[in-house]
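Colleague: This is the structure I want to talk about, given as structure tokens.
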Amino acid sequence: MFCTTEKFIQEDINVILSVCAGNSIDSKTDTDIGDVTNHHRGVNPRLYLCSVCDKRFKRKENLTSHVRRHTGEKYSCTQCEKQFSSQSALSWHKNIHTSKYECAECGKCHQSSNDLARHRRSHSGEKPFECTVCNKQFTKSSYLVQHSRIHSGEKPYKCYVCEKAFSQSGDLNNHLRVHTGDKPYQCTVCDRCFTRSSDLQLHNRCVHSDKRPYQCHYCGAQFKINRELQCHIRIHTGAKPYSCGHCSEHFMRLCELKRHLLRSHNEST
């Protein structure tokens with residue numbers, strides 16, 4: 001799993017542990033490292049100190065794993081060659097290959113039961129996280145946090161080329177490709193390239209697949225993409241999440257709001 005640099009990385013780890021014990025680099029021994037626990041027991045429960053960032057750990061193996069973040073050592077998955085900074089992260093990732101947490105509806109595999117539970121909401125249409133300002137609902141709490149920046153006006157991510165600001169880091173990364181012309185995501189079927197991975201996934205699902213994994217739990221209608229399902233569900237619920245800032249009108253679809261703004265308030269978006 002590891003390259004030939006493992007020897008040197010282990011030496012770095014031993015040096016850090018030795019420094020924690022108050023020894024010089026030249027005098028470090030296994031006995032000295034063992035004395036670290038005995039010397040500090042009862043004084044500080046976090047016995048192992050990282051000499052790079054001063055973070056402390058209760059267990060030696062936790063420090064060993066942490067030090068790899070400084071040295072750049074990675075754990076590689078033998079099935080897909082994806083790399084991780086810790087053994088635990090690799091173990092979680094391997095669940096994807098074993099199909100331990102596989103969605104019964106679309107076959108997508110996940111790292112944990114929590115990830116699978118969140119994914120299932122894309123099929124059921126459940127959105128437990130609701131914005132207190134506009135009542136828009138989300139499948140993940142992180143999506144709600146990102147959405148809340150719209151109301152607060154917070155845009156902490158700024159383009160260094162044109163200084164355009166964004167509320168989400170991912171939006172900034174996608175925007176930067178406008179300046180670079182970079183399209184790193186290529187379709188393996190027709191060779192079309194895209195600036196965002198989500199655009200490639202959408203392309204594959206709509207153009208090269210007949211699967212319709214998103215099903216309405218009200219009437220059973222099936223859709224290729226989740227956005228189509230969510231729009232469809234509003235027919236059953238009557239939800240109108242898009243509100244006009246000039247009047248009291250509400251709309252089911254964003255395109256309806258834009259059309260209203262142009263016709264009624266002479267405002268283009």
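Convention: chains lettered A, B, ... in structure tokens order; per-chain residue numbering from 1; ligands numbered from 1 as shown.
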Within 12 Å of A:Val145, counting only C-alpha atoms, which residues show up once you throw out same-chain ones fewer than 4 positions away? Write them as a list in words, please.

Modeller: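 Everything that qualifies: Phe129, Glu130, Cys131, Thr132, Lys136, Gln137, Phe138, Thr139, Lys140, Ser141, Arg149, Ile150, His151, Ser152, Glu154, Ser167 and Gln168 of chain A.
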
Colleague: Write a file of the just-selected residues containing N, CA and C atoms, as a PDB file, in the first residue's frame.

Modeller:
ATOM      1  N   PHE A 129     -35.213  19.955   6.128  1.00  0.00           N
ATOM      2  CA  PHE A 129     -34.568  21.200   6.557  1.00  0.00           C
ATOM      3  C   PHE A 129     -35.200  22.380   5.831  1.00  0.00           C
ATOM      4  N   GLU A 130     -35.872  23.250   6.587  1.00  0.00           N
ATOM      5  CA  GLU A 130     -36.666  24.327   5.999  1.00  0.00           C
ATOM      6  C   GLU A 130     -36.115  25.696   6.358  1.00  0.00           C
ATOM      7  N   CYS A 131     -36.065  26.564   5.371  1.00  0.00           N
ATOM      8  CA  CYS A 131     -35.616  27.943   5.573  1.00  0.00           C
ATOM      9  C   CYS A 131     -36.701  28.722   6.307  1.00  0.00           C
ATOM     10  N   THR A 132     -36.331  29.404   7.369  1.00  0.00           N
ATOM     11  CA  THR A 132     -37.299  30.160   8.175  1.00  0.00           C
ATOM     12  C   THR A 132     -37.707  31.474   7.509  1.00  0.00           C
ATOM     13  N   LYS A 136     -38.350  27.520   1.903  1.00  0.00           N
ATOM     14  CA  LYS A 136     -37.803  26.554   0.963  1.00  0.00           C
ATOM     15  C   LYS A 136     -37.178  25.405   1.746  1.00  0.00           C
ATOM     16  N   GLN A 137     -37.342  24.189   1.269  1.00  0.00           N
ATOM     17  CA  GLN A 137     -36.889  23.011   1.999  1.00  0.00           C
ATOM     18  C   GLN A 137     -35.728  22.319   1.296  1.00  0.00           C
ATOM     19  N   PHE A 138     -34.913  21.605   2.104  1.00  0.00           N
ATOM     20  CA  PHE A 138     -33.709  20.977   1.587  1.00  0.00           C
ATOM     21  C   PHE A 138     -33.536  19.583   2.171  1.00  0.00           C
ATOM     22  N   THR A 139     -32.826  18.748   1.433  1.00  0.00           N
ATOM     23  CA  THR A 139     -32.570  17.379   1.887  1.00  0.00           C
ATOM     24  C   THR A 139     -31.421  17.307   2.883  1.00  0.00           C
ATOM     25  N   LYS A 140     -30.503  18.304   2.854  1.00  0.00           N
ATOM     26  CA  LYS A 140     -29.344  18.312   3.749  1.00  0.00           C
ATOM     27  C   LYS A 140     -29.269  19.638   4.492  1.00  0.00           C
ATOM     28  N   SER A 141     -28.775  19.573   5.723  1.00  0.00           N
ATOM     29  CA  SER A 141     -28.615  20.795   6.514  1.00  0.00           C
ATOM     30  C   SER A 141     -27.582  21.720   5.890  1.00  0.00           C
ATOM     31  N   ARG A 149     -27.383  32.065   2.922  1.00  0.00           N
ATOM     32  CA  ARG A 149     -26.529  33.190   2.520  1.00  0.00           C
ATOM     33  C   ARG A 149     -27.222  34.087   1.495  1.00  0.00           C
ATOM     34  N   ILE A 150     -28.204  33.532   0.783  1.00  0.00           N
ATOM     35  CA  ILE A 150     -28.944  34.340  -0.182  1.00  0.00           C
ATOM     36  C   ILE A 150     -29.688  35.459   0.534  1.00  0.00           C
ATOM     37  N   HIS A 151     -30.284  35.119   1.690  1.00  0.00           N
ATOM     38  CA  HIS A 151     -31.059  36.100   2.443  1.00  0.00           C
ATOM     39  C   HIS A 151     -30.163  37.079   3.201  1.00  0.00           C
ATOM     40  N   SER A 152     -29.030  36.588   3.654  1.00  0.00           N
ATOM     41  CA  SER A 152     -28.122  37.456   4.419  1.00  0.00           C
ATOM     42  C   SER A 152     -27.233  38.299   3.522  1.00  0.00           C
ATOM     43  N   GLU A 154     -24.534  37.266   2.233  1.00  0.00           N
ATOM     44  CA  GLU A 154     -23.138  36.886   2.461  1.00  0.00           C
ATOM     45  C   GLU A 154     -22.561  36.202   1.217  1.00  0.00           C
ATOM     46  N   SER A 167     -21.620  32.950  -2.900  1.00  0.00           N
ATOM     47  CA  SER A 167     -21.979  32.493  -1.555  1.00  0.00           C
ATOM     48  C   SER A 167     -21.445  31.099  -1.266  1.00  0.00           C
ATOM     49  N   GLN A 168     -21.035  30.372  -2.319  1.00  0.00           N
ATOM     50  CA  GLN A 168     -20.539  29.017  -2.153  1.00  0.00           C
ATOM     51  C   GLN A 168     -19.204  28.851  -2.869  1.00  0.00           C
TER      52      GLN A 168
END

Colleague: Taking the chain letters and numbering used in this document, name the residues of stretch 53-147 of chain A that DSSP puts in alpha helix (DSSP H), as a ChimeraX atom specification.

Modeller: /A:60-71,87-98,113-124,141-147

Colleague: Restrict the selected residues to C-alpha atoms and save them as a compact mmCIF listing (two decimals), in the first residue's frame.

Modeller:
# COMPACT_ATOMS: atom_id res chain seq x y z
CA LYS A 60 0.15 6.95 19.56
CA GLU A 61 -1.66 5.54 16.50
CA ASN A 62 -3.80 8.68 16.30
CA LEU A 63 -0.67 10.84 16.20
CA THR A 64 0.85 8.52 13.59
CA SER A 65 -2.22 8.95 11.38
CA HIS A 66 -2.25 12.73 11.96
CA VAL A 67 1.42 13.17 11.02
CA ARG A 68 0.69 11.77 7.55
CA ARG A 69 -1.30 14.93 6.86
CA HIS A 70 1.93 16.89 7.22
CA THR A 71 4.11 14.41 5.30
CA GLN A 87 -6.91 4.49 7.47
CA SER A 88 -10.38 5.18 8.86
CA ALA A 89 -11.31 7.30 5.84
CA LEU A 90 -10.16 4.48 3.56
CA SER A 91 -12.23 1.96 5.53
CA TRP A 92 -15.35 4.12 5.12
CA HIS A 93 -14.66 4.45 1.42
CA LYS A 94 -14.36 0.66 0.93
CA ASN A 95 -18.04 0.30 1.85
CA ILE A 96 -18.81 1.72 -1.59
CA HIS A 97 -17.11 -1.22 -3.29
CA THR A 98 -18.71 -3.85 -1.06
CA SER A 113 -25.93 4.36 6.66
CA ASN A 114 -26.28 8.13 7.20
CA ASP A 115 -25.16 8.83 3.63
CA LEU A 116 -27.64 6.26 2.36
CA ALA A 117 -30.46 7.78 4.43
CA ARG A 118 -29.72 11.23 2.98
CA HIS A 119 -29.62 9.80 -0.53
CA ARG A 120 -33.02 8.12 -0.13
CA ARG A 121 -34.57 11.54 0.31
CA SER A 122 -33.81 12.20 -3.36
CA HIS A 123 -36.24 9.41 -4.24
CA SER A 124 -38.90 10.12 -1.62
CA SER A 141 -28.62 20.80 6.51
CA SER A 142 -25.51 21.96 4.60
CA TYR A 143 -27.73 22.94 1.67
CA LEU A 144 -29.86 25.03 4.01
CA VAL A 145 -26.76 26.79 5.37
CA GLN A 146 -25.63 27.63 1.84
CA HIS A 147 -29.11 28.80 0.89

Colleague: From stretch 40-245 of chain A, collect each residue whose DSSP state is strand (DSSP E or B) and return the set as a PyMOL selection string.

Modeller: chain A and resi 48-49+56-57+75-76+83-84+101-102+109-110+129-130+137-138+157-158+165-166+185-186+193-194+214-215+222-223+242-243

Colleague: Hey, what's within 7 Å of A:Arg212 if we count only C-alpha atoms and toss same-chain stuff fewer than 3 positions away? As a count of residues only, please?

Modeller: 3

Colleague: What separation in Å, quoted to one decimal, exists between atom CA of A:Gly245 and atom CA of A:Asn266?

Modeller: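 Computing the Euclidean distance for atom CA of A:Gly245 and atom CA of A:Asn266 yields 12.9 Å.
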
Colleague: For a test of reading the model, state the distance in Å between atom CA of A:His246 and atom CA of A:Asn135, rounded to one decimal.

Modeller: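 Result for atom CA of A:His246 versus atom CA of A:Asn135: 18.0 Å, one decimal.
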
Colleague: If you count only C-alpha atoms, which residues fall within 12 Å of A:Leu261, apart from same-chain ones fewer than 2 positions away, as a PDB file with N, CA and C atoms, in the first residue's frame?

Modeller:
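To be explicit, this is the file written out as around_19.pdb:
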ATOM      1  N   TYR A 242     -41.250  30.086  -4.977  1.00  0.00           N
ATOM      2  CA  TYR A 242     -40.627  31.259  -5.590  1.00  0.00           C
ATOM      3  C   TYR A 242     -41.554  32.467  -5.451  1.00  0.00           C
ATOM      4  N   SER A 243     -41.123  33.444  -4.668  1.00  0.00           N
ATOM      5  CA  SER A 243     -41.954  34.612  -4.376  1.00  0.00           C
ATOM      6  C   SER A 243     -41.400  35.859  -5.052  1.00  0.00           C
ATOM      7  N   CYS A 244     -42.299  36.735  -5.460  1.00  0.00           N
ATOM      8  CA  CYS A 244     -41.924  38.003  -6.088  1.00  0.00           C
ATOM      9  C   CYS A 244     -41.590  39.026  -5.009  1.00  0.00           C
ATOM     10  N   GLY A 245     -40.493  39.729  -5.202  1.00  0.00           N
ATOM     11  CA  GLY A 245     -40.078  40.727  -4.231  1.00  0.00           C
ATOM     12  C   GLY A 245     -40.819  42.048  -4.377  1.00  0.00           C
ATOM     13  N   HIS A 246     -41.638  42.174  -5.416  1.00  0.00           N
ATOM     14  CA  HIS A 246     -42.371  43.413  -5.652  1.00  0.00           C
ATOM     15  C   HIS A 246     -43.839  43.315  -5.234  1.00  0.00           C
ATOM     16  N   CYS A 247     -44.394  42.120  -5.289  1.00  0.00           N
ATOM     17  CA  CYS A 247     -45.799  41.932  -4.938  1.00  0.00           C
ATOM     18  C   CYS A 247     -45.968  40.620  -4.184  1.00  0.00           C
ATOM     19  N   GLU A 249     -47.246  37.775  -5.227  1.00  0.00           N
ATOM     20  CA  GLU A 249     -47.370  36.594  -6.083  1.00  0.00           C
ATOM     21  C   GLU A 249     -46.319  35.539  -5.729  1.00  0.00           C
ATOM     22  N   HIS A 250     -46.732  34.255  -5.797  1.00  0.00           N
ATOM     23  CA  HIS A 250     -45.833  33.127  -5.586  1.00  0.00           C
ATOM     24  C   HIS A 250     -45.959  32.164  -6.765  1.00  0.00           C
ATOM     25  N   PHE A 251     -44.869  31.423  -7.030  1.00  0.00           N
ATOM     26  CA  PHE A 251     -44.862  30.567  -8.214  1.00  0.00           C
ATOM     27  C   PHE A 251     -44.242  29.206  -7.901  1.00  0.00           C
ATOM     28  N   LEU A 254     -39.187  28.504 -11.055  1.00  0.00           N
ATOM     29  CA  LEU A 254     -38.369  29.710 -11.160  1.00  0.00           C
ATOM     30  C   LEU A 254     -38.628  30.422 -12.484  1.00  0.00           C
ATOM     31  N   CYS A 255     -38.823  29.645 -13.560  1.00  0.00           N
ATOM     32  CA  CYS A 255     -39.066  30.263 -14.864  1.00  0.00           C
ATOM     33  C   CYS A 255     -40.362  31.075 -14.856  1.00  0.00           C
ATOM     34  N   GLU A 256     -41.350  30.634 -14.051  1.00  0.00           N
ATOM     35  CA  GLU A 256     -42.608  31.372 -13.951  1.00  0.00           C
ATOM     36  C   GLU A 256     -42.397  32.709 -13.245  1.00  0.00           C
ATOM     37  N   LEU A 257     -41.534  32.696 -12.206  1.00  0.00           N
ATOM     38  CA  LEU A 257     -41.217  33.935 -11.497  1.00  0.00           C
ATOM     39  C   LEU A 257     -40.496  34.911 -12.431  1.00  0.00           C
ATOM     40  N   LYS A 258     -39.532  34.409 -13.195  1.00  0.00           N
ATOM     41  CA  LYS A 258     -38.782  35.273 -14.111  1.00  0.00           C
ATOM     42  C   LYS A 258     -39.705  35.888 -15.164  1.00  0.00           C
ATOM     43  N   ARG A 259     -40.635  35.084 -15.661  1.00  0.00           N
ATOM     44  CA  ARG A 259     -41.577  35.591 -16.662  1.00  0.00           C
ATOM     45  C   ARG A 259     -42.478  36.670 -16.056  1.00  0.00           C
ATOM     46  N   ARG A 263     -42.806  40.634 -17.236  1.00  0.00           N
ATOM     47  CA  ARG A 263     -44.083  41.137 -17.761  1.00  0.00           C
ATOM     48  C   ARG A 263     -44.753  42.149 -16.831  1.00  0.00           C
ATOM     49  N   SER A 264     -44.678  41.888 -15.534  1.00  0.00           N
ATOM     50  CA  SER A 264     -45.418  42.735 -14.605  1.00  0.00           C
ATOM     51  C   SER A 264     -44.597  43.863 -14.008  1.00  0.00           C
ATOM     52  N   HIS A 265     -43.291  43.654 -13.895  1.00  0.00           N
ATOM     53  CA  HIS A 265     -42.458  44.656 -13.235  1.00  0.00           C
ATOM     54  C   HIS A 265     -41.312  45.141 -14.119  1.00  0.00           C
ATOM     55  N   ASN A 266     -41.309  44.682 -15.362  1.00  0.00           N
ATOM     56  CA  ASN A 266     -40.297  45.111 -16.327  1.00  0.00           C
ATOM     57  C   ASN A 266     -38.873  44.885 -15.807  1.00  0.00           C
ATOM     58  N   GLU A 267     -38.708  43.759 -15.152  1.00  0.00           N
ATOM     59  CA  GLU A 267     -37.396  43.430 -14.571  1.00  0.00           C
ATOM     60  C   GLU A 267     -36.887  42.143 -15.189  1.00  0.00           C
ATOM     61  N   SER A 268     -35.691  42.192 -15.762  1.00  0.00           N
ATOM     62  CA  SER A 268     -35.076  41.009 -16.345  1.00  0.00           C
ATOM     63  C   SER A 268     -34.063  40.446 -15.368  1.00  0.00           C
ATOM     64  N   THR A 269     -33.860  39.118 -15.404  1.00  0.00           N
ATOM     65  CA  THR A 269     -32.928  38.465 -14.499  1.00  0.00           C
ATOM     66  C   THR A 269     -31.861  37.730 -15.265  1.00  0.00           C
TER      67      THR A 269
END

Colleague: Could you name the residues that touch A:Cys162 at 10 Å or less, counting only C-alpha atoms, but leaving out those on the same chain fewer than 4 positions away, as a PyMOL selection string?

Modeller: chain A and resi 158+176+179

Colleague: Go ahead and write the selection's residues with C-alpha atoms as a short mmCIF file (atom, residue, chain, number, x, y, z; two decimals), in the first residue's frame.

Modeller:
data_model
loop_
_atom_site.label_atom_id
_atom_site.label_comp_id
_atom_site.auth_asym_id
_atom_site.auth_seq_id
_atom_site.Cartn_x
_atom_site.Cartn_y
_atom_site.Cartn_z
CA LYS A 158 -14.49 36.23 -4.55
CA LEU A 176 -13.16 30.36 -12.60
CA HIS A 179 -11.83 32.56 -17.40
#

Colleague: Have a look at atom CA of A:Cys187 and atom CA of A:Asn204 and let me know their distance in Å, one decimal.

Modeller: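 Going from atom CA of A:Cys187 over to atom CA of A:Asn204, I get 7.5 Å.
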